[in-house]
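S.K.: For reference, the structure I am asking about is given below.
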Amino acid sequence: MGKVFWRKMRNQHFSDIAFMAVVYLGLTFALVACAYPVIYVVSASFSSSRAVASGEMWLFPKEISLEGYRLVFQNKTVYMGFVNSVFYVIMSVLIQLMTTMMAGFAFSRRELPGRTWFNLFFVITMFFGGGLIPTYLVYLKLGLVNTRWALLLPGISFSNIIIARTSISALPEDLFDCSKLDGCSYIRYLFRIVVPLSKPILAVFSLYTAVGVWNSYFGAMIYLRDQTKYPLQIFLRTILILNSTIDLEADLSSEDAVRMMQVFATMKYALIVVSTAPIICVYPFVQKHFVKGVMVGSLKG
Amino acid sequence: MKRNKKSVPAGLQRKKLSRRIWQCRELYLLLLYPVVATFIFHYIPIYGVLLAFKENDISRGLLGGDWVGLANFKRFFGAYNWKELIWNTFRISSKSLIVSFPFPILLAIFLNEIRAERFKKTVQLFTYMPHFISTVVVVGMISLMLDDRSGILAKSLHLFGMQTVNIMGDKKAFDWVYIFSGVWQGTGFSSIIYLAALSNVDAEIQEAALIDGASRLKRIWYIDLPSIMPTISILLILNLSGLLSVGYEKIYLMQNPMNLQVTEVISTYVYKQGLQGADFAYSTAVGLMNGLVSLVLLVVFNSLARATKQASWF
């Protein structure tokens, strides 16, 4: 670093050096600000409840204990929510990928009569909507309320369809002509040629859909009644925010109240880690494709 | 979106419409489910908005009972807290837009200046992370860490001999907790689109400026910023038109009896009146007003952007 570094520095404006200092400082601050709360939560989940409550633990785990995790894994509702959420995520991703690729491909074919009208049909939904209550009433009248379908069926994302269309249009047209000469139908072309060539975009859609479904609670709160169908986030809300102990009382009735509060806090930290880890562990692998997924800005045209 | 006649394969051009439709039958099959689902879950609710002008009697169908004209709307303006609701909605959303909008741009510009790839990747990895943490967990983390007795904030303030208040119940603190937790959640991820725009800036212009001896700040101000202006403009329009649909999911989670006076926004009010109180017609009316104002905002800001020769949304 030494020599090269100084040679580089000499060739720069003083204002540039000052500016780069600001840049590095700012970015370091952003890094710390984003990472610290997460590190704190993870460390707290592995620490003893006493160390957390007294404030002795502030960065790395202290008096390592798995008490919180023991409580989390004993909690039946958490387990139930986890299984339900996994189900919703897998189903939603499948539905989302199918519909998005199908519609995106159909839109990418210029010979489709009425393409403009279909486009308009979808674009309108981006600007108009019935709002919460009329939508709820439609679900109610269709008998979808309190069924798992309520969270799965409406999974159409027009912005995803547009991204898929743009990406499919970028494939060479010769590919289609050749396949057609060989007697390949549209549907066969879609599944045999387009889908295998669209893996990066499929990865991004899967990640975004999975994250969205895994992290959402509002739809479930509106449309579901039975606890057995609740996704994890609903149980998280009950425990983390409404501070309900659910079936913890039985375990801890013999302990004194203060201690119970401390243990409960540790359990919350462990619960946050358990519920968030699956997503956090996956996104770095798809990170390089993120840009493709946010190009909605190029929607014009 | 205009159909380009030339790009239609030559064989198809002279054929009749009915024949062309028949040839594309598989494509229609592919569009079937998305179209039907969109019709049912988007278009029927738009029609269902008529409930706002009806009696609250959904046993007689989606559209309620008899026509009551504007009675449901009048009822809203007779409610004791209607001014509060509108003020809260406007205050929280505009404040949060003004404060949080510049952060992703700044982060993208900073990241764009960095040549040390590993440092850059690390910053990106960690700043994107909060986006993947659910709102429920974020609010849970806030209430754990800002707790006035056991939270880390209270502990560290205590270290300096300062006292803390119960931030989650504090009316004045709510806005800033809401906004800065939003900044924490969204800055990294929103910067992606600006970074992408910055990577498209013409390298030759940059080099020319470099040869002419322009400093980094000058290059950012005169080259980078103007180049990403269309992106900024489009995102600003989008955000401005979404002013009234504030992040009600998060606000709802952050509500508690102590701060309800400053946190009740139109969307959470609609949810409580409509779904918890089964007052469907009335809450549809309130929601409809909210939606209409949003639409007007979108059109106004979009035409403003077009008038100033910036990129417009439509």
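Residue numbers start at 1 in each chain; chains themselves are named A, B, ... in the order of the structure tokens; ligands are numbered from 1 in the order shown.
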Give me the residues near Pro200 (chain A) as a ChimeraX atom specification, where near means some atom within 12 Å (using only C-alpha atoms) and where sequence neighbours in that chain fewer than 3 positions away do not count.
M.R.: /A:163-164,167-168,194-197,203-207,285-293
S.K.: Can you work out which residues from chain B touch chain A at a cut-off of 7 Å (counting only C-alpha atoms) and hand them back as a VMD selection string?
M.R.: chain B and resid 1 8 21 24 26 to 27 30 to 31 34 37 41 to 42 45 to 46 48 to 49 62 110 123 125 to 127 129 to 130 132 to 134 136 to 137 140 150 152 155 184 192 to 193 196 215 to 216 231 249 274 280 284 287 313
S.K.: Take CA of Arg91 (chain B) and CA of Val265 (chain B) and report the distance between them in Å, one decimal.
M.R.: 9.7 Å
S.K.: Would you please give, as a short mmCIF file (atom, residue, chain, number, x, y, z; two decimals) with N, CA and C atoms, in the first residue's frame, all residues of region 14-173 of chain B that DSSP assigns to alpha helix (DSSP H) based on the backbone?
M.R.:
```cif
data_model
loop_
_atom_site.label_atom_id
_atom_site.label_comp_id
_atom_site.auth_asym_id
_atom_site.auth_seq_id
_atom_site.Cartn_x
_atom_site.Cartn_y
_atom_site.Cartn_z
N LEU B 17 -57.32 -11.07 -39.09
CA LEU B 17 -57.19 -10.97 -37.64
C LEU B 17 -57.58 -12.28 -36.96
N SER B 18 -58.69 -12.85 -37.41
CA SER B 18 -59.17 -14.08 -36.76
C SER B 18 -58.12 -15.18 -36.87
N ARG B 19 -57.45 -15.21 -38.01
CA ARG B 19 -56.42 -16.24 -38.20
C ARG B 19 -55.22 -15.97 -37.29
N ARG B 20 -54.88 -14.69 -37.17
CA ARG B 20 -53.75 -14.34 -36.32
C ARG B 20 -54.06 -14.68 -34.87
N ILE B 21 -55.31 -14.42 -34.46
CA ILE B 21 -55.70 -14.75 -33.10
C ILE B 21 -55.60 -16.25 -32.87
N TRP B 22 -56.07 -17.01 -33.87
CA TRP B 22 -56.03 -18.47 -33.74
C TRP B 22 -54.58 -18.96 -33.63
N GLN B 23 -53.70 -18.31 -34.39
CA GLN B 23 -52.31 -18.73 -34.33
C GLN B 23 -51.66 -18.44 -32.98
N ARG B 25 -53.21 -18.66 -30.14
CA ARG B 25 -54.11 -19.18 -29.10
C ARG B 25 -53.36 -19.62 -27.85
N GLU B 26 -52.16 -20.17 -28.06
CA GLU B 26 -51.39 -20.61 -26.89
C GLU B 26 -50.99 -19.44 -26.01
N LEU B 27 -50.69 -18.30 -26.65
CA LEU B 27 -50.31 -17.13 -25.87
C LEU B 27 -51.48 -16.65 -25.03
N TYR B 28 -52.70 -16.72 -25.59
CA TYR B 28 -53.87 -16.32 -24.81
C TYR B 28 -54.07 -17.25 -23.63
N LEU B 29 -53.78 -18.53 -23.87
CA LEU B 29 -53.89 -19.51 -22.79
C LEU B 29 -52.93 -19.13 -21.65
N LEU B 30 -51.72 -18.69 -22.04
CA LEU B 30 -50.74 -18.30 -21.03
C LEU B 30 -51.20 -17.08 -20.24
N LEU B 31 -51.94 -16.20 -20.91
CA LEU B 31 -52.39 -14.97 -20.25
C LEU B 31 -53.66 -15.18 -19.44
N LEU B 32 -54.28 -16.35 -19.62
CA LEU B 32 -55.60 -16.56 -19.04
C LEU B 32 -55.62 -16.33 -17.53
N TYR B 33 -54.75 -17.05 -16.82
CA TYR B 33 -54.81 -16.94 -15.36
C TYR B 33 -54.49 -15.53 -14.86
N PRO B 34 -53.39 -14.91 -15.34
CA PRO B 34 -53.12 -13.54 -14.88
C PRO B 34 -54.29 -12.58 -15.15
N VAL B 35 -54.92 -12.72 -16.32
CA VAL B 35 -56.01 -11.79 -16.64
C VAL B 35 -57.20 -12.04 -15.73
N VAL B 36 -57.58 -13.31 -15.57
CA VAL B 36 -58.74 -13.63 -14.72
C VAL B 36 -58.49 -13.19 -13.28
N ALA B 37 -57.29 -13.51 -12.76
CA ALA B 37 -57.00 -13.16 -11.37
C ALA B 37 -56.99 -11.65 -11.20
N THR B 38 -56.41 -10.92 -12.16
CA THR B 38 -56.39 -9.47 -12.05
C THR B 38 -57.81 -8.92 -12.10
N ILE B 44 -62.98 -6.09 -9.86
CA ILE B 44 -64.24 -6.16 -9.10
C ILE B 44 -64.19 -5.26 -7.86
N PRO B 45 -63.06 -5.22 -7.13
CA PRO B 45 -63.02 -4.26 -6.01
C PRO B 45 -63.18 -2.80 -6.45
N ILE B 46 -62.66 -2.45 -7.64
CA ILE B 46 -62.84 -1.07 -8.10
C ILE B 46 -64.33 -0.78 -8.27
N TYR B 47 -65.04 -1.75 -8.83
CA TYR B 47 -66.49 -1.62 -8.96
C TYR B 47 -67.14 -1.58 -7.58
N GLY B 48 -66.59 -2.36 -6.66
CA GLY B 48 -67.13 -2.45 -5.31
C GLY B 48 -67.05 -1.16 -4.53
N ALA B 71 -73.85 10.42 2.35
CA ALA B 71 -73.99 10.33 3.80
C ALA B 71 -72.74 9.79 4.49
N ASN B 72 -72.12 8.77 3.87
CA ASN B 72 -70.94 8.18 4.48
C ASN B 72 -69.78 9.16 4.55
N PHE B 73 -69.68 10.01 3.51
CA PHE B 73 -68.61 11.00 3.48
C PHE B 73 -68.86 12.08 4.53
N LYS B 74 -70.14 12.48 4.63
CA LYS B 74 -70.48 13.51 5.62
C LYS B 74 -70.17 13.02 7.01
N ARG B 75 -70.40 11.72 7.22
CA ARG B 75 -70.16 11.16 8.55
C ARG B 75 -68.69 11.31 8.94
N PHE B 76 -67.80 11.13 7.94
CA PHE B 76 -66.37 11.25 8.23
C PHE B 76 -66.04 12.65 8.73
N PHE B 77 -66.60 13.65 8.03
CA PHE B 77 -66.29 15.02 8.42
C PHE B 77 -67.04 15.44 9.68
N GLY B 78 -67.91 14.55 10.17
CA GLY B 78 -68.55 14.79 11.45
C GLY B 78 -67.82 14.08 12.58
N TRP B 82 -61.44 13.81 12.62
CA TRP B 82 -61.09 13.75 11.20
C TRP B 82 -59.91 14.65 10.84
N LYS B 83 -59.83 15.81 11.49
CA LYS B 83 -58.70 16.70 11.18
C LYS B 83 -57.39 16.06 11.60
N GLU B 84 -57.45 15.43 12.77
CA GLU B 84 -56.28 14.76 13.30
C GLU B 84 -55.79 13.66 12.35
N LEU B 85 -56.75 12.89 11.83
CA LEU B 85 -56.40 11.79 10.92
C LEU B 85 -55.69 12.30 9.69
N ILE B 86 -56.25 13.35 9.09
CA ILE B 86 -55.67 13.87 7.85
C ILE B 86 -54.30 14.49 8.15
N TRP B 87 -54.21 15.23 9.25
CA TRP B 87 -52.94 15.86 9.61
C TRP B 87 -51.88 14.81 9.88
N ASN B 88 -52.24 13.76 10.63
CA ASN B 88 -51.26 12.70 10.91
C ASN B 88 -50.76 12.06 9.63
N THR B 89 -51.69 11.78 8.72
CA THR B 89 -51.31 11.13 7.47
C THR B 89 -50.34 12.00 6.70
N PHE B 90 -50.69 13.29 6.56
CA PHE B 90 -49.84 14.20 5.79
C PHE B 90 -48.51 14.43 6.49
N ARG B 91 -48.58 14.64 7.79
CA ARG B 91 -47.36 14.96 8.54
C ARG B 91 -46.35 13.82 8.46
N ILE B 92 -46.80 12.60 8.81
CA ILE B 92 -45.88 11.48 8.85
C ILE B 92 -45.30 11.20 7.47
N SER B 93 -46.16 11.21 6.44
CA SER B 93 -45.65 10.81 5.14
C SER B 93 -44.76 11.88 4.52
N SER B 94 -45.14 13.16 4.65
CA SER B 94 -44.30 14.16 4.00
C SER B 94 -42.97 14.31 4.73
N LYS B 95 -43.02 14.31 6.05
CA LYS B 95 -41.79 14.39 6.83
C LYS B 95 -40.86 13.24 6.46
N SER B 96 -41.45 12.05 6.39
CA SER B 96 -40.62 10.88 6.15
C SER B 96 -40.05 10.90 4.73
N LEU B 97 -40.84 11.42 3.78
CA LEU B 97 -40.32 11.51 2.41
C LEU B 97 -39.15 12.49 2.34
N ILE B 98 -39.36 13.68 2.94
CA ILE B 98 -38.31 14.71 2.87
C ILE B 98 -37.03 14.22 3.53
N VAL B 99 -37.16 13.61 4.69
CA VAL B 99 -35.96 13.20 5.41
C VAL B 99 -35.29 12.01 4.73
N SER B 100 -36.08 11.01 4.31
CA SER B 100 -35.42 9.77 3.89
C SER B 100 -35.07 9.74 2.40
N PRO B 102 -33.22 11.70 0.33
CA PRO B 102 -31.83 11.93 -0.13
C PRO B 102 -30.85 10.83 0.26
N PHE B 103 -31.12 10.08 1.32
CA PHE B 103 -30.13 9.11 1.80
C PHE B 103 -29.67 8.09 0.75
N PRO B 104 -30.60 7.42 0.05
CA PRO B 104 -30.14 6.44 -0.94
C PRO B 104 -29.30 7.06 -2.04
N ILE B 105 -29.63 8.30 -2.44
CA ILE B 105 -28.85 8.97 -3.49
C ILE B 105 -27.43 9.22 -3.00
N LEU B 106 -27.34 9.72 -1.76
CA LEU B 106 -26.04 9.98 -1.17
C LEU B 106 -25.22 8.69 -1.07
N LEU B 107 -25.87 7.65 -0.60
CA LEU B 107 -25.16 6.37 -0.44
C LEU B 107 -24.67 5.87 -1.80
N ALA B 108 -25.52 5.98 -2.83
CA ALA B 108 -25.12 5.50 -4.15
C ALA B 108 -23.94 6.30 -4.68
N ILE B 109 -23.98 7.63 -4.49
CA ILE B 109 -22.88 8.47 -4.99
C ILE B 109 -21.58 8.12 -4.26
N PHE B 110 -21.68 7.96 -2.96
CA PHE B 110 -20.50 7.57 -2.17
C PHE B 110 -19.95 6.23 -2.65
N LEU B 111 -20.85 5.24 -2.79
CA LEU B 111 -20.40 3.91 -3.21
C LEU B 111 -19.76 3.96 -4.58
N ASN B 112 -20.28 4.84 -5.43
CA ASN B 112 -19.79 4.94 -6.80
C ASN B 112 -18.37 5.50 -6.85
N GLU B 113 -17.98 6.25 -5.81
CA GLU B 113 -16.65 6.84 -5.79
C GLU B 113 -15.59 5.86 -5.32
N GLU B 117 -12.80 -2.53 -4.01
CA GLU B 117 -13.95 -3.41 -4.25
C GLU B 117 -14.44 -4.12 -2.99
N ARG B 118 -13.48 -4.58 -2.17
CA ARG B 118 -13.92 -5.40 -1.04
C ARG B 118 -14.70 -4.56 -0.02
N PHE B 119 -14.18 -3.36 0.23
CA PHE B 119 -14.88 -2.46 1.16
C PHE B 119 -16.28 -2.13 0.63
N LYS B 120 -16.33 -1.86 -0.67
CA LYS B 120 -17.59 -1.52 -1.31
C LYS B 120 -18.60 -2.67 -1.15
N LYS B 121 -18.14 -3.87 -1.45
CA LYS B 121 -19.02 -5.05 -1.35
C LYS B 121 -19.53 -5.24 0.07
N THR B 122 -18.62 -5.03 1.05
CA THR B 122 -19.02 -5.21 2.44
C THR B 122 -20.09 -4.20 2.82
N VAL B 123 -19.86 -2.93 2.45
CA VAL B 123 -20.85 -1.90 2.77
C VAL B 123 -22.19 -2.25 2.13
N GLN B 124 -22.15 -2.69 0.87
CA GLN B 124 -23.39 -3.04 0.19
C GLN B 124 -24.10 -4.18 0.91
N LEU B 125 -23.32 -5.22 1.23
CA LEU B 125 -23.91 -6.40 1.89
C LEU B 125 -24.67 -6.00 3.15
N PHE B 126 -24.02 -5.15 3.97
CA PHE B 126 -24.64 -4.82 5.26
C PHE B 126 -25.73 -3.78 5.15
N THR B 127 -25.60 -2.85 4.17
CA THR B 127 -26.67 -1.86 4.08
C THR B 127 -27.92 -2.44 3.42
N TYR B 128 -27.76 -3.49 2.61
CA TYR B 128 -28.95 -4.13 2.03
C TYR B 128 -29.68 -4.96 3.08
N THR B 135 -41.01 -6.15 8.91
CA THR B 135 -41.47 -5.00 9.66
C THR B 135 -41.78 -5.38 11.10
N VAL B 136 -42.40 -6.54 11.27
CA VAL B 136 -42.73 -6.99 12.63
C VAL B 136 -41.46 -7.08 13.47
N VAL B 137 -40.42 -7.68 12.88
CA VAL B 137 -39.18 -7.84 13.63
C VAL B 137 -38.51 -6.49 13.88
N VAL B 138 -38.55 -5.60 12.88
CA VAL B 138 -37.94 -4.29 13.07
C VAL B 138 -38.62 -3.55 14.23
N VAL B 139 -39.95 -3.55 14.22
CA VAL B 139 -40.65 -2.88 15.31
C VAL B 139 -40.36 -3.58 16.64
N GLY B 140 -40.27 -4.90 16.60
CA GLY B 140 -39.90 -5.65 17.80
C GLY B 140 -38.52 -5.26 18.30
N MET B 141 -37.58 -5.11 17.35
CA MET B 141 -36.21 -4.72 17.73
C MET B 141 -36.20 -3.32 18.32
N ILE B 142 -36.98 -2.42 17.68
CA ILE B 142 -37.02 -1.04 18.21
C ILE B 142 -37.51 -1.05 19.64
N SER B 143 -38.59 -1.79 19.89
CA SER B 143 -39.14 -1.72 21.24
C SER B 143 -38.23 -2.42 22.25
N LEU B 144 -37.48 -3.41 21.80
CA LEU B 144 -36.53 -4.05 22.72
C LEU B 144 -35.36 -3.12 23.03
N MET B 145 -34.82 -2.48 21.97
CA MET B 145 -33.59 -1.72 22.15
C MET B 145 -33.85 -0.34 22.75
N ILE B 152 -30.82 -1.14 25.25
CA ILE B 152 -29.42 -0.76 25.16
C ILE B 152 -29.26 0.76 25.15
N LEU B 153 -30.24 1.46 24.57
CA LEU B 153 -30.17 2.93 24.53
C LEU B 153 -30.23 3.49 25.94
N ALA B 154 -31.18 3.00 26.73
CA ALA B 154 -31.32 3.47 28.10
C ALA B 154 -30.05 3.19 28.89
N LYS B 155 -29.47 2.00 28.67
CA LYS B 155 -28.25 1.62 29.39
C LYS B 155 -27.10 2.55 29.03
N SER B 156 -26.94 2.81 27.72
CA SER B 156 -25.78 3.62 27.35
C SER B 156 -25.98 5.08 27.76
N LEU B 157 -27.22 5.57 27.73
CA LEU B 157 -27.47 6.93 28.20
C LEU B 157 -27.20 7.01 29.69
N HIS B 158 -27.57 5.94 30.37
CA HIS B 158 -27.36 5.88 31.82
C HIS B 158 -25.87 6.00 32.15
N LEU B 159 -25.06 5.41 31.28
CA LEU B 159 -23.62 5.45 31.44
C LEU B 159 -23.12 6.88 31.48
N LYS B 171 -45.12 10.88 22.37
CA LYS B 171 -45.78 11.39 21.16
C LYS B 171 -44.81 12.15 20.26
N LYS B 172 -43.88 12.89 20.88
CA LYS B 172 -42.98 13.70 20.07
C LYS B 172 -41.94 12.83 19.37
N ALA B 173 -41.54 11.77 20.06
CA ALA B 173 -40.46 10.95 19.51
C ALA B 173 -40.96 10.05 18.39
#
```
S.K.: For Asp148 (chain B), list every protein, DNA or RNA residue within 9 Å, evaluated using only C-alpha atoms, and leave out those in the same chain fewer than 6 positions away; present the list as a list of chain:residue names.
M.R.: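 Final neighbour list, sorted by chain and number: B:Ala154, B:Lys155, B:Gln163, B:Thr164, B:Val165, B:Asn166, B:Ile167, B:Met168.
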S.K.: What does the distance from CA of Pro172 (chain A) to CA of Tyr189 (chain A) come to in Å, to one decimal?
M.R.: 13.1 Å
S.K.: To one decimal place in Å, what is the distance between CA of Asn56 (chain B) and CA of Ala281 (chain B)?
M.R.: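 Spanning CA of Asn56 (chain B) to CA of Ala281 (chain B) is a straight-line distance of 4.9 Å.
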S.K.: Find, counting only C-alpha atoms, the residue in A:Leu66, A:Met91, A:Val72, A:Ala21 that gets nearest to Val274 (chain A).
M.R.: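 For Val274 (chain A), the nearest of the candidates is A:Val72.
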